[in-house]
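Shown next: coords-v4.txt, containing compact mmCIF, C-alpha atoms and all ligand atoms.
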```txt
# COMPACT_ATOMS: atom_id res chain seq x y z
CA MET O 1 104.08 -23.26 39.49
CA LEU O 2 101.59 -21.65 41.77
CA TYR O 3 101.71 -22.87 45.32
CA LEU O 4 98.43 -23.00 47.14
CA ARG O 5 98.69 -22.29 50.79
CA TYR O 6 96.07 -22.92 53.36
CA SER O 7 93.40 -20.37 53.15
CA PRO O 8 90.15 -21.34 54.82
CA GLY O 9 87.98 -23.28 52.46
CA ILE O 10 90.44 -23.32 49.62
CA MET O 11 93.24 -25.76 49.91
CA VAL O 12 96.15 -27.20 51.70
CA LEU O 13 98.89 -28.41 49.47
CA SER O 14 100.82 -31.31 50.79
CA ASP O 15 103.86 -30.81 48.53
CA LYS O 16 106.00 -29.19 51.12
CA SER O 17 104.47 -30.81 54.12
CA TYR O 18 105.17 -34.22 55.59
CA ARG O 19 101.61 -34.34 56.71
CA LYS O 20 98.97 -35.46 54.30
CA ILE O 21 95.33 -34.79 54.67
CA ILE O 22 93.25 -37.38 52.86
CA PRO O 23 89.50 -36.79 52.78
CA LEU O 24 87.26 -39.64 51.61
CA ALA O 25 83.96 -38.88 49.94
CA GLY O 26 81.80 -40.62 47.42
CA GLY O 27 78.70 -38.68 46.64
CA LYS O 28 76.69 -41.83 47.25
CA GLY O 29 75.89 -43.51 50.55
CA GLY O 30 76.99 -47.06 51.33
CA VAL O 31 79.87 -47.27 48.85
CA GLY O 32 82.45 -48.16 51.50
CA LYS O 33 83.89 -44.81 52.61
CA SER O 34 84.01 -45.75 56.29
CA ILE O 35 85.38 -49.25 55.73
CA LEU O 36 88.12 -47.82 53.54
CA THR O 37 88.93 -44.97 55.94
CA VAL O 38 89.50 -47.37 58.81
CA ASN O 39 91.41 -50.02 56.91
CA LEU O 40 93.63 -47.60 54.96
CA GLY O 41 94.43 -45.92 58.28
CA LEU O 42 95.21 -49.24 59.88
CA TYR O 43 97.60 -50.29 57.14
CA LEU O 44 99.36 -46.91 57.06
CA GLY O 45 99.70 -47.14 60.85
CA ARG O 46 101.24 -50.59 60.50
CA LEU O 47 103.70 -49.13 58.01
CA GLY O 48 104.92 -46.87 60.80
CA LYS O 49 103.02 -43.70 59.94
CA ARG O 50 101.21 -41.73 62.58
CA VAL O 51 97.61 -41.64 61.40
CA ILE O 52 94.58 -39.78 62.71
CA LEU O 53 91.13 -40.87 61.54
CA VAL O 54 88.49 -38.17 61.73
CA ASP O 55 84.78 -38.91 61.59
CA LEU O 56 83.36 -35.98 59.66
CA ASP O 57 80.24 -37.81 58.54
CA MET O 58 78.09 -35.09 60.01
CA GLY O 59 74.79 -36.31 61.35
CA ALA O 60 75.59 -39.95 60.61
CA SER O 61 78.87 -40.62 62.38
CA ASN O 62 79.63 -44.32 62.60
CA LEU O 63 83.35 -44.66 62.08
CA HIS O 64 83.68 -45.95 65.65
CA THR O 65 81.62 -49.00 64.65
CA CYS O 66 84.01 -49.82 61.81
CA LEU O 67 86.85 -49.54 64.32
CA GLY O 68 85.02 -51.81 66.74
CA LEU O 69 84.59 -49.09 69.37
CA LYS O 70 81.55 -48.13 71.43
CA ASN O 71 80.22 -44.62 70.90
CA THR O 72 80.90 -43.55 74.46
CA ARG O 73 83.60 -40.96 73.83
CA PRO O 74 83.05 -37.29 73.17
CA GLY O 75 83.94 -36.24 69.63
CA LEU O 76 83.77 -33.33 67.22
CA GLY O 77 80.18 -32.52 68.20
CA ASN O 78 81.28 -32.04 71.81
CA TYR O 79 84.32 -30.08 70.71
CA LEU O 80 82.12 -27.64 68.81
CA ALA O 81 79.61 -27.39 71.65
CA ASN O 82 82.17 -26.86 74.40
CA LYS O 83 84.62 -23.97 74.16
CA ASN O 84 86.78 -25.46 76.91
CA LEU O 85 87.65 -28.52 74.86
CA ALA O 86 90.69 -28.64 72.59
CA LEU O 87 90.66 -30.92 69.57
CA GLN O 88 93.34 -33.08 71.24
CA ASP O 89 90.86 -33.68 74.08
CA VAL O 90 88.62 -35.64 71.71
CA MET O 91 91.43 -37.56 70.03
CA TYR O 92 92.05 -41.11 71.24
CA ARG O 93 94.75 -43.66 70.72
CA THR O 94 93.29 -46.89 69.34
CA ASP O 95 94.52 -50.41 70.08
CA TYR O 96 96.17 -50.46 66.67
CA PRO O 97 99.72 -49.27 66.03
CA ASN O 98 100.11 -45.52 65.39
CA LEU O 99 96.37 -45.12 64.86
CA PHE O 100 94.40 -42.31 66.51
CA PHE O 101 90.74 -41.48 66.24
CA ILE O 102 88.56 -38.39 66.52
CA PRO O 103 84.87 -39.42 66.77
CA GLY O 104 82.07 -37.45 65.14
CA ASP O 105 78.93 -36.07 66.68
CA VAL O 106 77.03 -39.11 67.94
CA LEU O 107 77.11 -37.89 71.53
CA ALA O 108 76.48 -34.24 70.71
CA PRO O 109 74.59 -34.03 67.42
CA GLY O 110 74.48 -30.79 65.49
CA MET O 111 77.33 -31.03 63.04
CA ALA O 112 74.94 -31.43 60.13
CA ASP O 113 74.18 -27.72 60.64
CA ILE O 114 77.80 -26.74 60.93
CA VAL O 115 78.52 -23.16 59.89
CA TYR O 116 81.45 -21.84 57.93
CA ASN O 117 83.39 -20.55 60.94
CA GLN O 118 83.09 -23.89 62.68
CA LYS O 119 84.42 -25.66 59.61
CA ARG O 120 87.30 -23.20 59.51
CA ASN O 121 87.98 -23.77 63.16
CA ILE O 122 88.08 -27.56 62.76
CA VAL O 123 90.40 -27.31 59.78
CA SER O 124 92.85 -24.96 61.46
CA GLN O 125 92.92 -27.14 64.59
CA LEU O 126 93.35 -30.33 62.55
CA LEU O 127 96.34 -28.76 60.83
CA LYS O 128 98.01 -28.29 64.19
CA LEU O 129 97.82 -31.98 65.08
CA GLU O 130 100.94 -34.00 64.77
CA ALA O 131 100.39 -36.66 62.14
CA ASP O 132 101.72 -38.13 58.92
CA TYR O 133 98.23 -38.71 57.60
CA ILE O 134 94.91 -37.29 58.64
CA ILE O 135 92.20 -39.38 57.00
CA MET O 136 88.73 -37.86 57.07
CA ASP O 137 85.52 -39.81 56.47
CA LEU O 138 83.19 -37.20 54.98
CA GLY O 139 80.00 -39.16 54.57
CA ALA O 140 77.62 -39.20 51.63
CA GLY O 141 76.32 -36.39 49.45
CA SER O 142 77.60 -33.37 47.56
CA HIS O 143 76.61 -30.73 50.06
CA PHE O 144 78.96 -27.76 50.36
CA ASN O 145 79.76 -28.82 53.93
CA ILE O 146 81.27 -31.99 52.56
CA ILE O 147 82.86 -30.27 49.58
CA ASP O 148 84.53 -27.64 51.77
CA PHE O 149 86.24 -30.31 53.84
CA PHE O 150 87.20 -32.21 50.69
CA LEU O 151 88.77 -29.02 49.34
CA ILE O 152 91.15 -28.51 52.22
CA SER O 153 93.43 -30.98 50.49
CA ASN O 154 94.34 -31.82 46.94
CA SER O 155 94.62 -35.47 47.93
CA GLY O 156 90.95 -36.33 48.18
CA LEU O 157 89.75 -39.86 47.48
CA LEU O 158 86.45 -40.45 45.78
CA ILE O 159 84.99 -43.87 46.46
CA VAL O 160 82.82 -45.24 43.69
CA ALA O 161 80.99 -48.50 43.19
CA PRO O 162 80.46 -49.84 39.69
CA GLN O 163 76.81 -48.84 39.65
CA VAL O 164 75.03 -46.20 37.64
CA THR O 165 73.81 -44.33 40.71
CA SER O 166 77.28 -44.21 42.18
CA LEU O 167 78.75 -42.84 38.95
CA LEU O 168 76.03 -40.21 38.66
CA ASN O 169 76.59 -39.12 42.24
CA ALA O 170 80.35 -39.07 41.77
CA PHE O 171 79.93 -36.87 38.71
CA SER O 172 77.66 -34.44 40.61
CA PHE O 173 80.14 -34.39 43.46
CA LEU O 174 83.01 -33.45 41.16
CA LYS O 175 80.93 -30.83 39.41
CA ASN O 176 80.04 -29.18 42.72
CA LEU O 177 83.65 -29.52 43.80
CA ASN O 178 84.88 -27.66 40.75
CA PHE O 179 82.40 -24.81 41.06
CA ARG O 180 82.87 -24.42 44.77
CA PHE O 181 86.61 -24.41 44.29
CA LEU O 182 86.43 -21.64 41.74
CA GLN O 183 84.03 -19.71 43.92
CA ARG O 184 86.41 -19.94 46.87
CA ALA O 185 89.64 -19.43 44.93
CA LEU O 186 88.62 -16.53 42.71
CA THR O 187 87.73 -13.78 45.07
CA GLY O 188 88.61 -10.17 44.68
CA LYS O 189 87.37 -9.44 41.16
CA PRO O 190 83.67 -8.54 41.45
CA SER O 191 82.84 -9.24 37.79
CA VAL O 192 84.31 -12.75 38.06
CA GLU O 193 82.63 -13.38 41.41
CA THR O 194 79.26 -12.37 39.99
CA TYR O 195 79.76 -14.57 36.94
CA ILE O 196 80.60 -17.64 39.07
CA ARG O 197 77.68 -16.94 41.39
CA ASP O 198 75.35 -16.81 38.39
CA VAL O 199 76.74 -20.07 37.03
CA LEU O 200 76.18 -21.70 40.43
CA ARG O 201 72.64 -20.42 40.53
CA GLU O 202 71.81 -21.78 37.09
CA THR O 203 68.95 -24.21 37.47
CA ARG O 204 67.58 -24.52 33.95
CA PRO O 205 67.33 -28.16 32.92
CA ASN O 206 69.56 -29.53 30.18
CA ILE O 207 72.24 -26.92 30.70
CA HIS O 208 75.43 -28.86 30.59
CA PHE O 209 78.36 -26.84 31.84
CA ARG O 210 81.83 -27.31 30.54
CA MET O 211 84.73 -25.98 32.47
CA ASN O 212 86.45 -24.88 29.26
CA LYS O 213 83.51 -22.65 28.44
CA ILE O 214 83.51 -21.24 31.99
CA LEU O 215 87.25 -20.56 31.90
CA HIS O 216 86.80 -18.96 28.51
CA ASP O 217 84.11 -16.66 29.92
CA ILE O 218 86.28 -15.79 32.93
CA GLU O 219 89.12 -14.98 30.54
CA LYS O 220 86.90 -12.46 28.78
CA LEU O 221 86.25 -10.81 32.15
CA ASP O 222 89.76 -10.98 33.60
CA LYS O 223 92.77 -12.70 32.08
CA SER O 224 94.78 -13.05 35.28
CA GLU O 225 91.87 -14.63 37.17
CA ALA O 226 91.44 -17.13 34.34
CA LYS O 227 95.15 -17.98 34.46
CA LYS O 228 94.92 -18.44 38.22
CA ALA O 229 91.86 -20.68 37.82
CA ARG O 230 93.61 -22.88 35.26
CA GLU O 231 96.65 -23.32 37.49
CA TYR O 232 94.52 -24.04 40.55
CA LEU O 233 92.46 -26.59 38.69
CA LYS O 234 95.60 -28.44 37.63
CA ASN O 235 96.32 -29.00 41.31
CA LEU O 236 92.94 -30.49 42.02
CA LYS O 237 93.72 -34.16 41.69
CA PRO O 238 91.12 -36.42 43.25
CA SER O 239 91.80 -40.12 42.99
CA LEU O 240 89.25 -42.86 42.64
CA ILE O 241 88.96 -46.11 44.52
CA VAL O 242 86.56 -48.55 42.93
CA ASN O 243 84.93 -50.54 45.70
CA MET O 244 82.65 -53.58 45.57
CA ALA O 245 83.87 -54.54 42.12
CA THR O 246 82.64 -57.85 40.75
CA ALA O 247 85.02 -58.19 37.79
CA PRO O 248 88.08 -56.42 36.34
CA GLU O 249 85.83 -55.11 33.56
CA ASP O 250 84.12 -52.88 36.12
CA LEU O 251 87.05 -50.55 35.61
CA LYS O 252 85.88 -49.94 32.05
CA LEU O 253 82.62 -48.57 33.44
CA ILE O 254 84.58 -46.24 35.67
CA GLU O 255 86.75 -45.08 32.78
CA ASN O 256 83.63 -43.61 31.20
CA LEU O 257 83.34 -41.40 34.26
CA ARG O 258 87.00 -40.51 33.91
CA TYR O 259 86.59 -39.33 30.30
CA LEU O 260 83.40 -37.46 31.02
CA VAL O 261 84.99 -35.69 33.99
CA LYS O 262 88.03 -34.77 31.93
CA ASP O 263 85.89 -33.58 29.05
CA SER O 264 83.38 -31.46 30.94
CA LEU O 265 85.13 -30.58 34.20
CA ASN O 266 88.82 -30.51 33.19
CA ILE O 267 89.69 -32.76 36.10
CA ASP O 268 92.27 -35.51 35.62
CA LEU O 269 91.18 -38.41 37.77
CA SER O 270 93.59 -41.11 38.73
CA CYS O 271 92.77 -44.52 40.09
CA LEU O 272 94.33 -45.95 43.22
CA GLY O 273 92.90 -49.39 42.67
CA MET O 274 89.95 -51.72 42.86
CA VAL O 275 88.53 -53.53 45.86
CA CYS O 276 86.27 -56.44 45.11
CA ALA O 277 82.91 -57.20 46.67
CA ASP O 278 83.99 -59.62 49.36
CA ASN O 279 81.78 -61.30 51.97
CA GLU O 280 84.63 -61.02 54.45
CA VAL O 281 83.98 -57.27 54.67
CA ASP O 282 80.49 -57.81 56.02
CA LYS O 283 81.62 -60.64 58.28
CA ALA O 284 84.23 -58.38 59.86
CA MET O 285 81.65 -55.61 60.17
CA LYS O 286 79.26 -57.95 62.01
CA LYS O 287 82.04 -58.92 64.40
CA LEU O 288 82.77 -55.22 64.93
CA MET O 289 86.34 -55.74 63.82
CA PRO O 290 88.30 -53.95 61.10
CA LEU O 291 88.73 -56.15 58.04
CA ALA O 292 92.52 -55.80 58.19
CA VAL O 293 92.44 -57.37 61.66
CA GLN O 294 89.64 -59.88 61.28
CA SER O 295 90.45 -61.15 57.80
CA PRO O 296 93.91 -59.96 56.72
CA ASP O 297 94.21 -62.68 54.06
CA SER O 298 90.94 -61.86 52.36
CA ILE O 299 91.17 -60.51 48.85
CA ALA O 300 89.53 -57.18 49.80
CA ALA O 301 92.01 -56.71 52.67
CA LYS O 302 94.95 -57.38 50.34
CA GLN O 303 93.60 -54.91 47.81
CA ILE O 304 93.13 -52.20 50.44
CA GLU O 305 96.63 -52.90 51.75
CA ARG O 306 98.00 -52.42 48.24
CA ILE O 307 96.26 -49.04 48.01
CA ALA O 308 97.72 -48.04 51.39
CA GLU O 309 101.16 -48.99 50.08
CA LYS O 310 100.69 -46.79 47.04
CA ILE O 311 99.87 -43.87 49.32
CA PHE O 312 102.80 -44.72 51.56
CA GLN O 313 105.23 -44.91 48.64
CA SER O 314 104.08 -41.67 47.11
CA HIS O 315 106.28 -38.91 48.48
CA ASN O 316 104.22 -36.37 46.65
CA PHE O 317 100.76 -37.81 47.09
CA PRO O 318 98.38 -37.63 45.19
CA ASP O 319 101.03 -37.96 42.45
CA LEU O 320 101.90 -41.63 42.34
CA PRO O 321 105.38 -42.91 41.56
CA LEU O 322 104.24 -44.94 38.54
CA ASP O 323 106.57 -46.98 36.38
CA LEU O 324 105.36 -45.64 33.06
CA SER O 325 107.56 -48.01 31.12
CA LEU O 326 105.28 -50.83 32.26
CA TYR O 327 101.84 -49.20 31.97
CA LYS O 328 100.51 -45.96 30.68
CA ASP O 329 98.77 -44.57 33.74
CA SER O 330 97.19 -45.35 37.10
CA PHE O 331 94.08 -46.81 35.45
CA GLU O 332 96.11 -49.27 33.42
CA LEU O 333 98.01 -50.30 36.53
CA ALA O 334 94.71 -50.79 38.41
CA SER O 335 93.43 -52.85 35.50
CA ILE O 336 96.52 -55.10 35.48
CA GLU O 337 96.23 -55.55 39.25
CA ALA O 338 92.55 -56.42 38.95
CA GLU O 339 93.19 -58.97 36.16
CA ASN O 340 95.80 -60.63 38.40
CA ASP O 341 93.52 -60.58 41.44
CA TRP O 342 90.62 -62.15 39.63
CA ALA O 343 92.86 -64.72 37.93
CA GLY O 344 94.08 -65.62 41.42
CA MET O 345 90.50 -65.98 42.63
CA ARG O 346 89.59 -68.18 39.67
CA GLU O 347 92.62 -70.37 40.29
CA ALA O 348 91.79 -70.67 43.99
CA ALA O 349 88.21 -71.60 43.08
CA ALA O 350 89.45 -74.20 40.57
CA ASN O 351 91.72 -75.76 43.18
CA ALA O 352 88.95 -75.83 45.75
CA ASP O 353 86.84 -78.83 46.63
CA PRO O 354 85.55 -80.26 43.29
CA GLU O 355 82.06 -80.52 44.73
CA SER O 356 81.92 -76.80 45.12
CA ARG O 357 82.86 -76.12 41.51
CA GLY O 358 79.32 -76.35 40.24
CA GLY O 359 78.54 -73.45 42.57
CA ASP O 360 81.53 -71.51 41.29
CA THR O 361 80.38 -71.87 37.70
CA ALA O 362 76.91 -70.71 38.60
CA ASP O 363 78.39 -67.77 40.53
CA MET O 364 80.59 -66.88 37.59
CA GLN O 365 77.65 -66.97 35.20
CA ALA O 366 75.66 -64.73 37.52
CA ILE O 367 78.57 -62.28 37.68
CA ILE O 368 78.89 -62.20 33.88
CA ALA O 369 75.14 -61.62 33.46
CA ALA O 370 75.23 -58.81 36.03
CA GLN O 371 78.20 -57.35 34.24
CA GLN O 372 76.43 -57.23 30.89
CA GLN O 373 73.48 -55.56 32.55
CA LYS O 374 75.80 -52.97 34.08
CA ILE O 375 77.44 -52.16 30.76
CA GLN O 376 74.03 -51.48 29.25
CA GLU O 377 73.08 -49.31 32.23
CA LEU O 378 76.27 -47.35 31.95
CA GLN O 379 75.83 -46.69 28.26
CA GLN O 380 72.44 -45.31 29.21
CA THR O 381 74.04 -43.16 31.93
CA VAL O 382 76.63 -41.69 29.62
CA ARG O 383 73.81 -40.81 27.22
CA MET O 384 71.89 -39.16 30.07
CA LEU O 385 74.88 -37.15 31.23
CA THR O 386 75.78 -35.90 27.77
CA LEU O 387 72.23 -35.28 26.56
CA GLY O 388 71.37 -31.73 25.80
CA ALA O 389 75.01 -30.76 26.03
CA PRO O 390 76.67 -28.38 25.36
CA LYS O 391 75.36 -25.64 23.18
CA MET O 392 77.26 -23.25 25.43
CA ASP O 393 80.61 -24.71 24.52
CA THR O 394 82.40 -22.44 22.11
CA GLU O 395 85.88 -23.93 22.42
N1 LIG W 1 84.36 -54.39 49.32
C1 LIG W 1 83.22 -54.70 49.95
N2 LIG W 1 82.67 -55.93 49.83
C2 LIG W 1 81.52 -56.24 50.44
N3 LIG W 1 80.84 -55.42 51.24
C3 LIG W 1 81.34 -54.17 51.39
C4 LIG W 1 82.53 -53.74 50.78
N4 LIG W 1 82.76 -52.46 51.12
C5 LIG W 1 81.75 -52.10 51.93
N5 LIG W 1 80.91 -53.12 52.10
C6 LIG W 1 79.69 -53.12 52.91
O1 LIG W 1 78.88 -52.03 52.51
C7 LIG W 1 78.28 -51.44 53.63
C8 LIG W 1 78.56 -49.96 53.62
O2 LIG W 1 79.93 -49.73 53.90
P1 LIG W 1 80.39 -48.39 54.59
O3 LIG W 1 79.64 -48.17 55.84
O4 LIG W 1 81.87 -48.36 54.65
O5 LIG W 1 79.88 -47.37 53.47
P2 LIG W 1 79.80 -45.78 53.58
O6 LIG W 1 80.09 -45.29 52.21
O7 LIG W 1 80.65 -45.30 54.68
O8 LIG W 1 78.27 -45.58 53.93
P3 LIG W 1 77.55 -44.21 54.47
O9 LIG W 1 77.42 -43.34 53.28
O10 LIG W 1 76.25 -44.71 54.97
O11 LIG W 1 78.44 -43.64 55.52
C9 LIG W 1 78.80 -52.16 54.87
O12 LIG W 1 77.83 -53.09 55.31
C10 LIG W 1 80.01 -52.88 54.39
O13 LIG W 1 80.21 -54.10 55.06
MG MG W 2 80.18 -44.15 56.37
```

So that I can check it, write out the structure of this file as structure tokens.
Ligand SMILES: Nc1ncnc2c1ncn2[C@@H]1O[C@H](COP(=O)(O)OP(=O)(O)OP(=O)(O)O)[C@@H](O)[C@H]1O
Ligand SMILES: [Mg+2]
Amino acid sequence: MLYLRYSPGIMVLSDKSYRKIIPLAGGKGGVGKSILTVNLGLYLGRLGKRVILVDLDMGASNLHTCLGLKNTRPGLGNYLANKNLALQDVMYRTDYPNLFFIPGDVLAPGMADIVYNQKRNIVSQLLKLEADYIIMDLGAGSHFNIIDFFLISNSGLLIVAPQVTSLLNAFSFLKNLNFRFLQRALTGKPSVETYIRDVLRETRPNIHFRMNKILHDIEKLDKSEAKKAREYLKNLKPSLIVNMATAPEDLKLIENLRYLVKDSLNIDLSCLGMVCADNEVDKAMKKLMPLAVQSPDSIAAKQIERIAEKIFQSHNFPDLPLDLSLYKDSFELASIEAENDWAGMREAAANADPESRGGDTADMQAIIAAQQQKIQELQQTVRMLTLGAPKMDTE
């Protein structure tokens, strides 16, 4: 077993550390990264863990809004602009138990243009903070700035919505993640470095890369670098959270992403759970209150709480302590949970005021129709992603 130690831009392994860095990304905007960052942090704080939330959504910081705070406090932007500030100076205790917050760059913009040394500085200072969990909201996109922060941990969470665009963006994110990781991890052998740089520069359309082919090529150049790459990649274990789900079947759409990612990128995704599309989320947002505080009994809040508990119970996160005698993997567990959640919702709807049932039926029909549409769209997406692939693959 190869242990990865912190090396700027590569990785921090949480195995031996009590502290867990959990970056949240999603590729796509508006999929719920900030809502999940805040509410996961809140639940972990309630479970007695010391949690620091960090707004790393460079250029579009708004985590304070999800926490119900005004943007009056200096944050990371000020920290970067002012050499006399320490990171602790821009960390604040929130009103919620064990929950601390480092704002982004609303008061001192400029983090969108952050340079490598600044990223390195933030990471090394973050690592010095005392915390059980450091949860980082990374914002949308697959830019290397975002990827580099995602890569400081092997416990990254990728938030996806059951929509074609979200799946496409998640796939691009993971592809960039893989390549950047290799680029950062495999330094020292010029032939391998040049090969990876050339792969990254490849812009011809319809070239579909497969990690197996890339590893095979690296092996031809340098066996030990290829071995190192394979071991590193095994440690890259992003987990998915499916947000804004409208039915348990949404997970089937996401499983297509899982198989595609395994097949072409050699990444084993796991699934921490599903969170349904719930009006209570928006209501809480409008009241500038975290969902877990404003609407703790809502279905979305319960589902986020369950995800927080999985993180809490995992002593070796992102590896989950799954009872494999009951289900085969994290996706099957998420599917069972979702079936139960939706059955509960249907039962609650059936027990509700009879006059409202007509509305429920209409809602249900609309959900089913939307679902069928989504399945068709996804089949189309999978065709798009695999089209033209992979003449390069020799394995
Ligand atoms: N489970 C949900 N059910 C209903 N609405 C949701 C849910 N999750 C998020 N939303 C809504 O979606 C919107 C976007 O959420 P959020 O700001 O957390 O996304 P984001 O991924 O952080 O976006 P950005 O990329 O712009 O930072 C918000 O208005 C929020 O209320
Ligand atoms: Mg956000």

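Nearest-residue note for ligand LIG 1 (chain W): choosing from O:Arg230, O:Lys119, O:Arg258, O:Lys287, the minimum distance belongs to O:Lys287, counting only C-alpha atoms and all ligand atoms.
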
Exercise for the section: Could you tell me, counting only C-alpha atoms and all ligand atoms, which protein and nucleic acid residues lie no more than 9 Å from ligand LIG 1 (chain W), written as a VMD selection string? Expected result: chain O and resid 25 to 38 57 60 to 63 66 137 to 141 159 to 160 242 to 245 274 to 286 300 to 301

Practice task
Give as a PyMOL selection string the set of residues within 12 Å of the point (91.0, -30.6, 33.1), where distances use the file's coordinates and only C-alpha atoms.
Solution key: chain O and resi 174-175+178+210-213+215+229-238+258-269

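Nearest to ligand MG 2 (chain W) of all the residues O:Thr65, O:Ser191, O:Ser270, O:Asn78 is O:Thr65, counting all atoms listed in the file.
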
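Residues in contact with Phe331 of chain O at 12 Å, where all atoms listed in the file are counted and same-chain residues fewer than 6 positions away are skipped, are listed as O:Ser239, O:Leu240, O:Ile241, O:Val242, O:Pro248, O:Glu249, O:Asp250, O:Leu251, O:Lys252, O:Leu253, O:Ile254, O:Glu255, O:Asn256, O:Arg258, O:Tyr259, O:Asp268, O:Leu269, O:Ser270, O:Cys271, O:Leu272, O:Gly273, O:Met274, O:Leu320, O:Leu322, O:Leu324, O:Glu337, O:Ala338.
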
Problem - Cut-off 9 Å around (90.2, -33.0, 69.7) with only C-alpha atoms: residues as a list in words - result: Gly75, Leu76, Tyr79, Leu85, Ala86, Leu87, Gln88, Asp89, Val90, Met91, Tyr92, Ile102, Pro103, Gln125, Leu126 and Leu129 of chain O

Would you export the selected residues with C-alpha atoms as a short mmCIF file (atom, residue, chain, number, x, y, z; two decimals), in the coordinates of the input, please?
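Result written to selection_16.cif:
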```cif
data_model
loop_
_atom_site.label_atom_id
_atom_site.label_comp_id
_atom_site.auth_asym_id
_atom_site.auth_seq_id
_atom_site.Cartn_x
_atom_site.Cartn_y
_atom_site.Cartn_z
CA GLY O 75 83.94 -36.24 69.63
CA LEU O 76 83.77 -33.33 67.22
CA TYR O 79 84.32 -30.08 70.71
CA LEU O 85 87.65 -28.52 74.86
CA ALA O 86 90.69 -28.64 72.59
CA LEU O 87 90.66 -30.92 69.57
CA GLN O 88 93.34 -33.08 71.24
CA ASP O 89 90.86 -33.68 74.08
CA VAL O 90 88.62 -35.64 71.71
CA MET O 91 91.43 -37.56 70.03
CA TYR O 92 92.05 -41.11 71.24
CA ILE O 102 88.56 -38.39 66.52
CA PRO O 103 84.87 -39.42 66.77
CA GLN O 125 92.92 -27.14 64.59
CA LEU O 126 93.35 -30.33 62.55
CA LEU O 129 97.82 -31.98 65.08
#
```

Exercise for the section: Choose the residue, out of O:Val199, O:Ile22, O:Leu326, O:Leu99, that has the smallest atom-to-atom separation from Phe150 of chain O; count only C-alpha atoms. Expected result: O:Ile22

Fill in the blank from the handout: From the list O:Leu56, O:Ile135, O:Leu40, O:Ala292, the nearest residue to ligand MG 2 (chain W) using all atoms listed in the file is O:Leu56

Exercise for the section: Figure out the distance between atom CA of Lys128 of chain O and atom CA of Phe317 of chain O, please, to one decimal in Å. Expected result: 19.8 Å

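For the set O:Met136, O:Arg93, O:Leu47, O:Asn84, the residue with the smallest atom-to-atom gap to ligand MG 2 (chain W) is O:Met136, counting all atoms listed in the file.
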
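For the pair atom CA of Ile152 of chain O and atom CA of Val51 of chain O, the interatomic distance is 17.3 Å.
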
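When all atoms listed in the file are used to measure the gap to ligand MG 2 (chain W), the shortest distance among O:His216, O:Lys83, O:Gly104, O:Ser166 belongs to O:Gly104.
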
Practice task
Provide the atom CA of Glu347 of chain O to atom CA of Ser335 of chain O distance in Å, to one decimal place.
Solution key: 18.2 Å
